[in-house]
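A.B. asks: The structure follows.
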Amino acid sequence: MADFGSSQAILHAVEEPHRFFLDDIISNIEIHGYHIVDGCHSEGDVLAFLSRLGNTVQHRDSESTGVTYLATKGGIANLPGFAGFSSEALPPHTDRSALPVPPRLLAMGWCFASSAGGDLSVHDFAKILPRLRKAHPSVVDLITEQLRIRYDDGEQSFHGPMLEAVGENRFRLRFRIDGNGYYRFVDSALISLLVQEINRTQMPVRLGPGQLIIIDNHRCLHSRGHYCGERLVLRVLLDTEHLEAGFEECSDAT
Ligand SMILES: [Fe+2]
């Protein structure tokens, strides 16, 4: 089910393509979980823009600049944890979920979109969590229980809860089901229920060349549809001091 509550954030950002309002960006991320800007047409543009927000976090697949070129790469695309280099659909997930503390922000800049498909969706867990509490408390027990899941990408391993308390009524999420996420067989039905609820709450986002989306990676999951043709997206992971730790669940989620 599409959630159009965040469209104001997109429209506002696109209307102000060439101005950098750090307070506005942080405010939009706090309110909506993500923010979109225009005018980032090159790796230099993307890095210059993001340098105001925080510090780049290196990734296994990134260049020394911290930028990862996400495009179809045969040979590795079928390996667990490398699906970003395929043209297949990606289920909802947070990035770098095996790290002790995943990067706070995920930025993706569109160089060129595919001829068909490949759209991004953002899933705001601040809205999903209260719905789970109401309809599926057993899923909340699953995601908050210590040592019930393990995320292991071959370099990093995390054995702990999917949803961590990081302050009073504030939480940090991590989630993956890409072959590097390990769950107990008896939890299969609850994981399926969780994925179903995550998919019910999504904001489809169609981005074009020069647009950059910045997502709160501790709050929102992201997913991608299957695509055809060439597609190139620049990914940068960041930590920032401009956001309070974790997220607070939405009190008005319906
Ligand atoms: Fe991702």
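Just remember, in the structure tokens the first chain shown is A, the second B, etc., residues are 1-based per chain, and ligands are 1-based in the order shown.
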Please give me, as a list in words, the residues lying within 8 Å of ligand 1 when counting only C-alpha atoms and all ligand atoms.

C.D. replies: Gly84, Leu90, His93, Thr94, Asp95, His222 and Ser223 of chain A

A.B. asks: With N, CA and C atoms retained, could you export that selection as a JSON list (two decimals), in the first residue's frame?

C.D. replies:
```
[["chain", "number", "residue", "atom", "x", "y", "z"],
["A", 84, "GLY", "N", 22.93, -6.36, -5.09],
["A", 84, "GLY", "CA", 22.87, -4.99, -5.59],
["A", 84, "GLY", "C", 23.48, -4.86, -6.98],
["A", 90, "LEU", "N", 15.19, -6.40, -5.22],
["A", 90, "LEU", "CA", 15.81, -6.54, -3.91],
["A", 90, "LEU", "C", 14.72, -6.40, -2.85],
["A", 93, "HIS", "N", 15.37, -4.08, 3.05],
["A", 93, "HIS", "CA", 16.50, -4.32, 3.93],
["A", 93, "HIS", "C", 17.09, -2.99, 4.38],
["A", 94, "THR", "N", 17.93, -3.06, 5.40],
["A", 94, "THR", "CA", 18.77, -1.92, 5.76],
["A", 94, "THR", "C", 20.20, -2.27, 5.35],
["A", 95, "ASP", "N", 21.01, -1.28, 5.07],
["A", 95, "ASP", "CA", 22.37, -1.55, 4.60],
["A", 95, "ASP", "C", 23.34, -1.81, 5.75],
["A", 222, "HIS", "N", 14.78, -0.14, 2.57],
["A", 222, "HIS", "CA", 14.60, 0.21, 1.17],
["A", 222, "HIS", "C", 14.56, -1.07, 0.35],
["A", 223, "SER", "N", 13.87, -1.01, -0.79],
["A", 223, "SER", "CA", 13.79, -2.16, -1.69],
["A", 223, "SER", "C", 13.83, -1.64, -3.12]]
```

A.B. asks: Which residues, written as a list of chain:residue names, have at least one atom at most 8 Å from range 144-147 of chain A, with only C-alpha atoms counted and residues fewer than 6 positions away on the same chain left out?

C.D. replies: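 So, after excluding close chain neighbours, the residues are A:His159, A:Gly160, A:Pro161, A:Met162, A:Leu163, A:Glu164.
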
A.B. asks: Under the rule that only C-alpha atoms are counted, which of A:Gly179, A:Gly246, A:Gly117, A:Gly208 is the nearest residue to Cys228 in chain A?

C.D. replies: A:Gly117

A.B. asks: Based on the backbone DSSP call, show me all residues of range 91-132 of chain A assigned alpha helix (DSSP H), as a PyMOL selection string.

C.D. replies: chain A and resi 125-132

A.B. asks: Can those selected residues be exported to a file as a compact mmCIF listing (two decimals), in the first residue's frame so that it contains N, CA, C and O atoms?

C.D. replies:
```
# COMPACT_ATOMS: atom_id res chain seq x y z
N PHE A 125 9.89 2.34 9.11
CA PHE A 125 9.58 1.47 10.24
C PHE A 125 8.99 2.24 11.42
O PHE A 125 8.41 1.64 12.32
N ALA A 126 9.15 3.55 11.42
CA ALA A 126 8.50 4.35 12.47
C ALA A 126 6.98 4.25 12.36
O ALA A 126 6.27 4.46 13.35
N LYS A 127 6.48 3.96 11.15
CA LYS A 127 5.05 3.75 10.96
C LYS A 127 4.67 2.28 11.07
O LYS A 127 3.55 1.94 11.45
N ILE A 128 5.61 1.42 10.71
CA ILE A 128 5.33 -0.02 10.73
C ILE A 128 5.28 -0.55 12.17
O ILE A 128 4.43 -1.39 12.51
N LEU A 129 6.16 -0.05 13.02
CA LEU A 129 6.28 -0.57 14.38
C LEU A 129 4.97 -0.45 15.17
O LEU A 129 4.54 -1.44 15.79
N PRO A 130 4.32 0.71 15.21
CA PRO A 130 3.06 0.78 15.98
C PRO A 130 1.99 -0.15 15.42
O PRO A 130 1.16 -0.68 16.18
N ARG A 131 2.00 -0.38 14.10
CA ARG A 131 1.02 -1.32 13.52
C ARG A 131 1.32 -2.75 13.97
O ARG A 131 0.41 -3.54 14.21
N LEU A 132 2.60 -3.06 14.06
CA LEU A 132 2.98 -4.39 14.55
C LEU A 132 2.57 -4.56 16.01
O LEU A 132 2.09 -5.62 16.41
```

A.B. asks: Run DSSP on the backbone of this structure and report the residues of range 99-215 of chain A it assigns to strand (DSSP E or B), as a PyMOL selection string.

C.D. replies: chain A and resi 105-112+116-117+120-124+149-152+157-160+163-167+170-173+181-182+202-205+212-215

A.B. asks: Find the spatial neighbours of range 55-63 of chain A, counting only C-alpha atoms, within a cut-off of 7 Å - ignore same-chain residues fewer than 4 positions away - and output them as a ChimeraX atom specification.

C.D. replies: /A:51,67-68,103,236-240

A.B. asks: Residues of the last selection are to be written out with N, CA and C atoms, as a PDB file, in the first residue's frame.

C.D. replies:
```pdb
ATOM      1  N   SER A  51      29.254  15.914   2.034  1.00  0.00           N
ATOM      2  CA  SER A  51      30.301  16.277   2.997  1.00  0.00           C
ATOM      3  C   SER A  51      29.765  17.225   4.071  1.00  0.00           C
ATOM      4  N   VAL A  67      32.444   5.875  -2.581  1.00  0.00           N
ATOM      5  CA  VAL A  67      31.346   5.718  -3.534  1.00  0.00           C
ATOM      6  C   VAL A  67      31.362   4.306  -4.124  1.00  0.00           C
ATOM      7  N   THR A  68      30.193   3.667  -4.103  1.00  0.00           N
ATOM      8  CA  THR A  68      30.034   2.376  -4.770  1.00  0.00           C
ATOM      9  C   THR A  68      29.199   2.583  -6.028  1.00  0.00           C
ATOM     10  N   PRO A 103      25.926   2.166   9.327  1.00  0.00           N
ATOM     11  CA  PRO A 103      25.964   3.604   9.002  1.00  0.00           C
ATOM     12  C   PRO A 103      24.578   4.221   9.153  1.00  0.00           C
ATOM     13  N   VAL A 236      26.547   5.972  -1.328  1.00  0.00           N
ATOM     14  CA  VAL A 236      27.478   6.426  -0.293  1.00  0.00           C
ATOM     15  C   VAL A 236      26.824   6.194   1.066  1.00  0.00           C
ATOM     16  N   LEU A 237      27.592   5.641   1.991  1.00  0.00           N
ATOM     17  CA  LEU A 237      27.119   5.451   3.367  1.00  0.00           C
ATOM     18  C   LEU A 237      27.783   6.494   4.251  1.00  0.00           C
ATOM     19  N   LEU A 238      27.023   6.985   5.202  1.00  0.00           N
ATOM     20  CA  LEU A 238      27.505   8.099   6.025  1.00  0.00           C
ATOM     21  C   LEU A 238      27.139   7.902   7.484  1.00  0.00           C
ATOM     22  N   ASP A 239      27.954   8.477   8.359  1.00  0.00           N
ATOM     23  CA  ASP A 239      27.554   8.718   9.738  1.00  0.00           C
ATOM     24  C   ASP A 239      27.405  10.218   9.909  1.00  0.00           C
ATOM     25  N   THR A 240      26.523  10.605  10.800  1.00  0.00           N
ATOM     26  CA  THR A 240      26.282  12.032  10.996  1.00  0.00           C
ATOM     27  C   THR A 240      26.074  12.338  12.470  1.00  0.00           C
TER      28      THR A 240
END
```

A.B. asks: Extract, using only C-alpha atoms, all DNA, RNA and protein residues at most 10 Å from Ile31 in chain A, discarding same-chain residues fewer than 3 positions from it, and format them as number ranges by chain.

C.D. replies: A: 6, 9, 25-28, 34-35, 126, 247-248, 250

A.B. asks: Would you mind telling me which residue in A:Ile213, A:Ile29, A:Ala189, A:Val205 lies nearest to Gly225 in chain A when using only C-alpha atoms?

C.D. replies: A:Val205

A.B. asks: Using CA of His32 in chain A and CA of Glu168 in chain A as the two end points, give the distance in Å to one decimal.

C.D. replies: 20.0 Å

A.B. asks: Env of range 155-157 of chain A: 6 Å cut, atoms = only C-alpha atoms, seq-sep filter 2 positions within chain, self excluded. Answer as a list in words.

C.D. replies: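 Residues near the query, excluding close chain neighbours: Ala98, Leu99, Tyr151, Asp152 and Asp153 of chain A.
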
A.B. asks: Using only C-alpha atoms, find the one residue out of A:Val195, A:Ala165, A:Leu53, A:Met203 that sits nearest to Leu105 in chain A.

C.D. replies: A:Leu53
